[in-house]
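**Q** Pasting a structure below so you can have a look.
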Amino acid sequence: MEVLGFLIDGIFLALEPINLMLIVIGVTVGLFIGAMPGLGSVNGVAILLPITFLVPPGSAIIFLAAIYYGAMYGGAISSVTMGIPGASTAVATTFDGRPLALQGRASLALVTAALASFVGGTVANIFFTAFAPVLASAALSFGPPEIFALMLLAFATFVGLSGDDVPKTIFSICLGLVLATVGFDTISGAPRLVLFEIDGFLRGIGFIVLAIGVYGIGEMLWTIEQTRGEITTSNPKMTLKGMAADAKEATKRGWKGTWIGSFIGFFVGILPAAGATPGSLMSYGVAKMVSRNPEEYGRGSPDGVAAPEAANNSASTGSMLPMLTLGIPGSPTTAILLGGMVIWGLVPGPRLFVDESEFVWGLIGSFYISNVAALIINLAFIPLFVWMLRMPFTILAPLIFVLSIIGGYAASRSMHDLWLIVIFGLAAFFLRKFDYPLAPAVLAIVLGPIAEPTLRQSLLLSSGDPSIFFTRPIAGPITVIAIILILLPALKYVRRKKPVAKS
Amino acid sequence: MKLTKRLFLAMAASSTIATLPMTASAQDWEPRRPIDFTIMAGPGGGADQIARFIQSVVEAGDLTNRPLIPTNRGGGSGAESLLHLKDARDPDHTLMVTLNSFYTTPIRQEALGVDIETFTPITMMGVDPFVLWVHKDSGITTFEEYVAKVQEMNGEYVMGGTGTGQEDSIVIAYMSGAFDLDINYIPFDGGGAVAAALAGQQIMATVNNPAEAKGFYESGDFVPLLAFSDERMDAYPDVPTMKEKGHDFSYYNQRAIVGAPGMSPEAAEYYRGVFGQVYDSEQWQNYLVSESLSPLPMNEEETRAYWATQVANHRQLLSEIDN
């Protein structure tokens, strides 16, 4: 009950005029930063961190949380309208958001994304309020074997029950895994696969570089080739009534993905080393897996938009948990927030909830308010973003190209990455022509850098004995489920063959 | 002896800094564009926290006429940063926040062709000591119990760290050699992840900077056993040092600002003025105390001499690990 009192105080604190103003500014700025390809909440929070020293710490963290929320909503916008993920967390949103936009249903995709984000954020906030300290220590029981088992499960959801060509899916995953190993190896500290001995590869291949190349450049080339520039992806009218209808349809066709994303996102988010990007990709995989019409996925399913969007918001809130309670950032953005808290003289860790309860609950209260503000502001801007799509494709295509290049450069400020974006774009175009699914490669480059070190750490822990994945109480069941999911298509294949053999 | 020397240095440095803004040379040169503030590690680690703290102090005090733009270039144990500075197109506007990979990475990756002696010393912000930690549930409360436990487990004792050749692995390697310990060392991605692994008892002990383990120490989850500092630390007065255990070994992570090779003396002087003011600020002095950093002020020649001894020391320590 004491907690509830603090929370209500926190909400009132967030509603004070100056804080409310900061929330509105933060959400709006975050929305646009998130919508810029390449710039995500990490950049937004980092850029604006110094500004927070002008206001009291309580207001400062509220401001940063608002930017964070805004950016999470904003990431979906360019994913849907241009097919370039606005941030790494919104990659999975392109899978179905972009096809919907091409069908002239961009507003449905954006409304679905906004509503799913809101539900995801709210579910996560409630979990956070109710169980924060318990969940934080539960998350710590996830050591390397458990995390690896979880990654295996994520891959399984993509291979096992995809309607796509299984060998091609596996090829795509392997390609992503190889690209993920470029750069320095955490375990040995030695450089690997430094292609052509170019120094830029020492840093590894950034996920956002691959995503912008594949979805920005590759997608644009594909569209040009398919349509010869004859399309405008416009949505004729954008009225309040239309949006209400979209909201209704989004609720009807996206509720399942929303719930899946909200829960999976939160639990992946609170794990150390995971974060919102794996959370959203896994939610997409699971939503597709349990869906009654998985063939709709990738062709414009509202569930396919809702799942990753609900997940990335939910995971963002979730990743605050290990930061606040353990002082361990669950994502790069929370790492910067952590830096901010240290500067304000707050020590994140197990004592924070006790010693600084007013601050903690004030922050959580501001999550609730930021989430509502982000929903309203986002919905208000949707007509503007849809209106952008009314531009003829001959104007939109060069714009997408330019934005891809700027976004790619902004993230790392290196020319090396720009060349990689162009190369990945061309490669993606040709792979797509040969019907290779690209989403699994993107998944692999996100999960590979988590899966590989945890696999090796686990085997170091067990002195090379793989039974560690089966004997630990949490890792065991997850590993078994993952293996069953991978083997399932083989069983289906055999079963399908049988009647043919009989006849 | 050491203490008096440090005290003297501190006094000398603070008096220089106090007069700095008055001298003409500091005003001759001013940045003409935003200053590239490269961080030698990823977001969230000790170096990153310090860099952003420094940026905020600069921002709050309005100490520069152009902003500092922090960028994390942590790839390849800092190799990415070293190359970025070495090849800087505009050395007068390129700075870096370092840790000890400043010494170790050029030694381990000779192919990079980086010679840190060409870099420009700016300001030594302080040095970060290391401490050996165990989880309270292990029941171990003294270093002797720890040594007995490791020896009893005969190679099964698991410790985590940030990777072979990194700061903590150097400390662990020295300790293993000195006390004949056989440790199963598991690399993790950064000091924060190492502390988390110990909190979840995925591993049995760590060598972490106090800043990384502080939260868990205050909640009673972590027990400090041994400090690798020259003297007992103020924040952990009951924790003995390696020196008390009869081995002349101490190890610190350097937290310094370094300029690109080829930076003009005027620009270097300007930045020394700026970061000297940061160093003297109340915020930084409080940070040194709260995060258990030790001050180690040095001028340019002293820094160069310090670098030379650090490179020699690390060369020897690393060759001992590799053998």
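Starting from 1 in every chain, residues are counted up; chains themselves are A, B, ... following the order of the structure tokens, and ligands are numbered from 1 as listed.
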Find the residues around Leu352 of chain A up to 12 Å (only C-alpha atoms counted), leave out those fewer than 2 positions away in its own chain, and share them as a VMD selection string.

**A** (chain A and resid 132 to 133 321 to 327 341 to 342 345 to 350 354 to 361) or (chain B and resid 214 to 216 218 to 219)

**Q** Applying 6 Å and only C-alpha atoms, which residues near segment 307-317 of chain A remain after dropping the ones on its own chain fewer than 3 positions away? List them as a PyMOL selection string.

**A** chain A and resi 92-93+113+116-117+120-121+124+257-258+261-262+265-266+269+276+280+283-284+303-304+320

**Q** For N, CA and C atoms, I'd like the residues from the last selection saved as a PDB file, in the first residue's frame.

**A**
ATOM      1  N   ALA A  92      11.542  -5.201 -36.679  1.00  0.00           N
ATOM      2  CA  ALA A  92      10.485  -6.187 -36.911  1.00  0.00           C
ATOM      3  C   ALA A  92       9.199  -5.509 -37.365  1.00  0.00           C
ATOM      4  N   THR A  93       9.063  -4.221 -37.055  1.00  0.00           N
ATOM      5  CA  THR A  93       7.865  -3.492 -37.465  1.00  0.00           C
ATOM      6  C   THR A  93       7.805  -3.330 -38.983  1.00  0.00           C
ATOM      7  N   ALA A 113       0.406   0.386 -34.470  1.00  0.00           N
ATOM      8  CA  ALA A 113       1.672   0.525 -33.759  1.00  0.00           C
ATOM      9  C   ALA A 113       1.495   1.382 -32.510  1.00  0.00           C
ATOM     10  N   ALA A 116      -0.631  -0.544 -29.874  1.00  0.00           N
ATOM     11  CA  ALA A 116       0.131  -1.661 -29.318  1.00  0.00           C
ATOM     12  C   ALA A 116       1.224  -1.135 -28.395  1.00  0.00           C
ATOM     13  N   SER A 117       1.876  -0.046 -28.809  1.00  0.00           N
ATOM     14  CA  SER A 117       2.917   0.546 -27.970  1.00  0.00           C
ATOM     15  C   SER A 117       2.337   0.947 -26.627  1.00  0.00           C
ATOM     16  N   GLY A 120       1.589  -2.140 -24.573  1.00  0.00           N
ATOM     17  CA  GLY A 120       2.868  -2.708 -24.140  1.00  0.00           C
ATOM     18  C   GLY A 120       3.452  -1.911 -22.989  1.00  0.00           C
ATOM     19  N   GLY A 121       3.459  -0.594 -23.147  1.00  0.00           N
ATOM     20  CA  GLY A 121       4.016   0.264 -22.108  1.00  0.00           C
ATOM     21  C   GLY A 121       3.218   0.144 -20.811  1.00  0.00           C
ATOM     22  N   ALA A 124       3.794  -3.228 -19.048  1.00  0.00           N
ATOM     23  CA  ALA A 124       5.115  -3.228 -18.427  1.00  0.00           C
ATOM     24  C   ALA A 124       5.120  -2.368 -17.165  1.00  0.00           C
ATOM     25  N   GLY A 257      -1.343 -10.098 -31.145  1.00  0.00           N
ATOM     26  CA  GLY A 257       0.068  -9.705 -31.221  1.00  0.00           C
ATOM     27  C   GLY A 257       0.428  -8.752 -30.099  1.00  0.00           C
ATOM     28  N   THR A 258      -0.508  -7.851 -29.779  1.00  0.00           N
ATOM     29  CA  THR A 258      -0.248  -6.876 -28.731  1.00  0.00           C
ATOM     30  C   THR A 258       0.033  -7.555 -27.400  1.00  0.00           C
ATOM     31  N   GLY A 261       3.316  -9.531 -27.514  1.00  0.00           N
ATOM     32  CA  GLY A 261       4.442  -8.610 -27.457  1.00  0.00           C
ATOM     33  C   GLY A 261       4.620  -7.995 -26.079  1.00  0.00           C
ATOM     34  N   SER A 262       3.505  -7.631 -25.435  1.00  0.00           N
ATOM     35  CA  SER A 262       3.600  -6.975 -24.130  1.00  0.00           C
ATOM     36  C   SER A 262       4.291  -7.871 -23.114  1.00  0.00           C
ATOM     37  N   GLY A 265       7.978  -9.100 -24.448  1.00  0.00           N
ATOM     38  CA  GLY A 265       8.856  -7.940 -24.429  1.00  0.00           C
ATOM     39  C   GLY A 265       9.346  -7.631 -23.029  1.00  0.00           C
ATOM     40  N   PHE A 266       8.420  -7.635 -22.089  1.00  0.00           N
ATOM     41  CA  PHE A 266       8.803  -7.273 -20.729  1.00  0.00           C
ATOM     42  C   PHE A 266       9.820  -8.260 -20.159  1.00  0.00           C
ATOM     43  N   GLY A 269      13.084  -7.954 -21.809  1.00  0.00           N
ATOM     44  CA  GLY A 269      13.672  -6.671 -21.452  1.00  0.00           C
ATOM     45  C   GLY A 269      14.370  -6.662 -20.103  1.00  0.00           C
ATOM     46  N   ALA A 276      15.474  -4.376 -25.910  1.00  0.00           N
ATOM     47  CA  ALA A 276      14.241  -4.247 -26.674  1.00  0.00           C
ATOM     48  C   ALA A 276      14.317  -4.866 -28.069  1.00  0.00           C
ATOM     49  N   SER A 280      11.610  -7.527 -29.389  1.00  0.00           N
ATOM     50  CA  SER A 280      10.612  -7.304 -30.434  1.00  0.00           C
ATOM     51  C   SER A 280      10.703  -8.384 -31.508  1.00  0.00           C
ATOM     52  N   SER A 283       9.110 -11.575 -30.139  1.00  0.00           N
ATOM     53  CA  SER A 283       7.656 -11.467 -30.083  1.00  0.00           C
ATOM     54  C   SER A 283       7.053 -11.677 -31.461  1.00  0.00           C
ATOM     55  N   TYR A 284       7.713 -11.111 -32.466  1.00  0.00           N
ATOM     56  CA  TYR A 284       7.224 -11.301 -33.828  1.00  0.00           C
ATOM     57  C   TYR A 284       7.212 -12.783 -34.166  1.00  0.00           C
ATOM     58  N   ASP A 303      -1.345  -7.966 -36.686  1.00  0.00           N
ATOM     59  CA  ASP A 303      -0.695  -8.641 -35.562  1.00  0.00           C
ATOM     60  C   ASP A 303       0.827  -8.539 -35.663  1.00  0.00           C
ATOM     61  N   GLY A 304       1.309  -8.612 -36.898  1.00  0.00           N
ATOM     62  CA  GLY A 304       2.756  -8.550 -37.134  1.00  0.00           C
ATOM     63  C   GLY A 304       3.330  -7.172 -36.853  1.00  0.00           C
ATOM     64  N   MET A 320      14.522  -0.965 -17.691  1.00  0.00           N
ATOM     65  CA  MET A 320      14.804  -0.015 -16.607  1.00  0.00           C
ATOM     66  C   MET A 320      14.993  -0.761 -15.285  1.00  0.00           C
TER      67      MET A 320
END

**Q** What residues in segment 140-344 of chain A get the DSSP label helix (DSSP H, G or I)? Please answer as a PyMOL selection string.

**A** chain A and resi 140+144-159+166-181+195-197+199-203+207-227+240-270+276-290+294-296+302-318+320-326+332-343

**Q** Please list as a PyMOL selection string every residue within 9 Å of segment 304-314 of chain B, counting only C-alpha atoms and excluding residues in the same chain fewer than 5 positions away.

**A** chain B and resi 103-104+107+116-117+120-121+170+298-299+319

**Q** Can you pull out every residue within 7 Å of segment 67-73 of chain B, counting only C-alpha atoms, but drop anything in the same chain fewer than 4 positions away, and send it as an MDAnalysis selection string?

**A** chainID B and resid 34:43 55 78 80:81

**Q** Using the selection just defined, write its residues with N, CA, C and O atoms as a CSV table (one decimal), in the first residue's frame.

**A**
chain,number,residue,atom,x,y,z
B,34,PRO,N,32.9,22.1,-33.1
B,34,PRO,CA,32.6,21.1,-32.0
B,34,PRO,C,33.7,20.2,-31.7
B,34,PRO,O,34.4,19.8,-32.7
B,35,ILE,N,34.0,19.8,-30.5
B,35,ILE,CA,35.1,19.0,-30.1
B,35,ILE,C,34.8,17.6,-30.1
B,35,ILE,O,33.8,17.2,-29.4
B,36,ASP,N,35.5,16.8,-30.8
B,36,ASP,CA,35.3,15.3,-30.9
B,36,ASP,C,35.8,14.7,-29.5
B,36,ASP,O,37.0,14.8,-29.2
B,37,PHE,N,34.9,14.1,-28.8
B,37,PHE,CA,35.2,13.6,-27.5
B,37,PHE,C,35.0,12.1,-27.5
B,37,PHE,O,33.9,11.6,-27.2
B,38,THR,N,36.0,11.4,-28.0
B,38,THR,CA,35.9,10.0,-28.2
B,38,THR,C,36.0,9.2,-26.9
B,38,THR,O,36.9,9.5,-26.1
B,39,ILE,N,35.2,8.2,-26.7
B,39,ILE,CA,35.2,7.4,-25.5
B,39,ILE,C,35.7,6.0,-25.9
B,39,ILE,O,35.2,5.4,-26.8
B,40,MET,N,36.8,5.6,-25.1
B,40,MET,CA,37.5,4.3,-25.5
B,40,MET,C,36.7,3.1,-25.1
B,40,MET,O,37.3,2.0,-25.1
B,41,ALA,N,35.5,3.2,-24.7
B,41,ALA,CA,34.7,2.0,-24.3
B,41,ALA,C,33.2,2.2,-24.7
B,41,ALA,O,32.8,3.3,-25.1
B,42,GLY,N,32.5,1.2,-24.5
B,42,GLY,CA,31.0,1.2,-24.9
B,42,GLY,C,30.2,2.0,-23.9
B,42,GLY,O,30.7,2.4,-22.8
B,43,PRO,N,28.9,2.2,-24.2
B,43,PRO,CA,28.1,3.0,-23.3
B,43,PRO,C,27.9,2.2,-22.0
B,43,PRO,O,27.8,1.0,-22.0
B,55,GLN,N,31.5,15.8,-19.4
B,55,GLN,CA,30.8,16.6,-20.3
B,55,GLN,C,29.8,17.5,-19.6
B,55,GLN,O,29.6,18.7,-19.9
B,78,GLY,N,39.1,-0.9,-27.6
B,78,GLY,CA,39.6,0.5,-27.7
B,78,GLY,C,40.4,0.7,-29.0
B,78,GLY,O,40.8,1.8,-29.3
B,80,GLU,N,39.5,0.8,-32.0
B,80,GLU,CA,38.8,1.7,-32.8
B,80,GLU,C,39.1,3.2,-32.4
B,80,GLU,O,39.3,4.0,-33.3
B,81,SER,N,39.1,3.5,-31.2
B,81,SER,CA,39.4,4.8,-30.7
B,81,SER,C,40.8,5.2,-31.0
B,81,SER,O,41.1,6.3,-31.4

**Q** Go through B:Val147, B:Val158, B:Ile186, B:Ala256 one by one, measure the shortest atom-to-atom distance of each to Ser101 of chain B using only C-alpha atoms, and give the residue with the smallest value.

**A**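 So, comparing all the options, the nearest one is B:Ala256.
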